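Read the structure below first, then the notes.
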Amino acid sequence: MSRRTLRLRKDQDNRAFLRDVLEAFDFRLIGEEVIDGRPTYVLQATPHPGYHAHGKYGKFLSNVDGKLWIDKQDFGWIKVDGQVTQSFSIGLLIARVQRGSHIIFEQMSIGDAVWVPKRLELRASARILFLKTLAIERILTYSEYRASADSSYSETR
């Protein structure tokens, strides 16, 4: 498969996920904050009653609520802070993510309304095949982005 085809498929997946997010939640403006010198709108995201998932990742959305920080200048999302409110399964009951699992995902602008990952914090608990409980605590940081020849962005660690 060509790089262009892979990039187009990823773009379609991203758009489908965004569509699911917009349908899955009711958003309410709860304030304004400044993050890393950028003014933001703070939105509360509450699962929309009766939402039915469409995309492959959409099914977990009705089991999560949280907050979003949206950049006032170009409307990119700077931060998402979500918590699992009801346990849900991944795969055919292979793993069940437990209530209380928590994720914080932050992005940064590298110009021209291009946003890239900055930090991911995950604190989660899952049951694997109903036999074992797995506790996950991870913090990943991303930095030193540079433009590549095809105008996409890559990262170095």
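To be explicit about the labels: the chains of the structure tokens are called A, B, and onward in the order shown, and within each one the residues are counted from 1, while ligands get numbers from 1 in the order they are shown.
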- Distance query Asp112 in chain A at most 12 Å, only C-alpha atoms, self and fewer than 2 positions along chain excluded, as a list of chain:residue names: A:Gln73, A:Asp74, A:Phe75, A:Gly76, A:Met108, A:Ser109, A:Ile110, A:Val114, A:Trp115, A:Val116
Go through range 48-106 of chain A residue by residue and, counting only C-alpha atoms, keep those with an atom at most 9 Å from range 118-123 of chain A; for each kept residue give the shortest atom pair and its distance in Å to one decimal, ordered by chain and increasing number, as CSV.
```
residue,atom,partner,partner_atom,distance
A:Gly100,CA,A:Arg123,CA,8.7
A:Ser101,CA,A:Arg123,CA,5.7
A:His102,CA,A:Arg123,CA,5.2
A:Ile103,CA,A:Leu122,CA,4.6
A:Ile104,CA,A:Glu121,CA,5.1
A:Phe105,CA,A:Leu120,CA,4.6
A:Glu106,CA,A:Arg119,CA,5.0
```
- Running DSSP on the backbone, which parts of chain A land in helix (DSSP H, G or I), as an NGL selection string? :A and (3-24 or 58-63)
- Calculate how many Å separate CA of Ala124 in chain A from CA of Gln98 in chain A, rounding to one decimal.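 Interatomic distance here is 7.2 Å.
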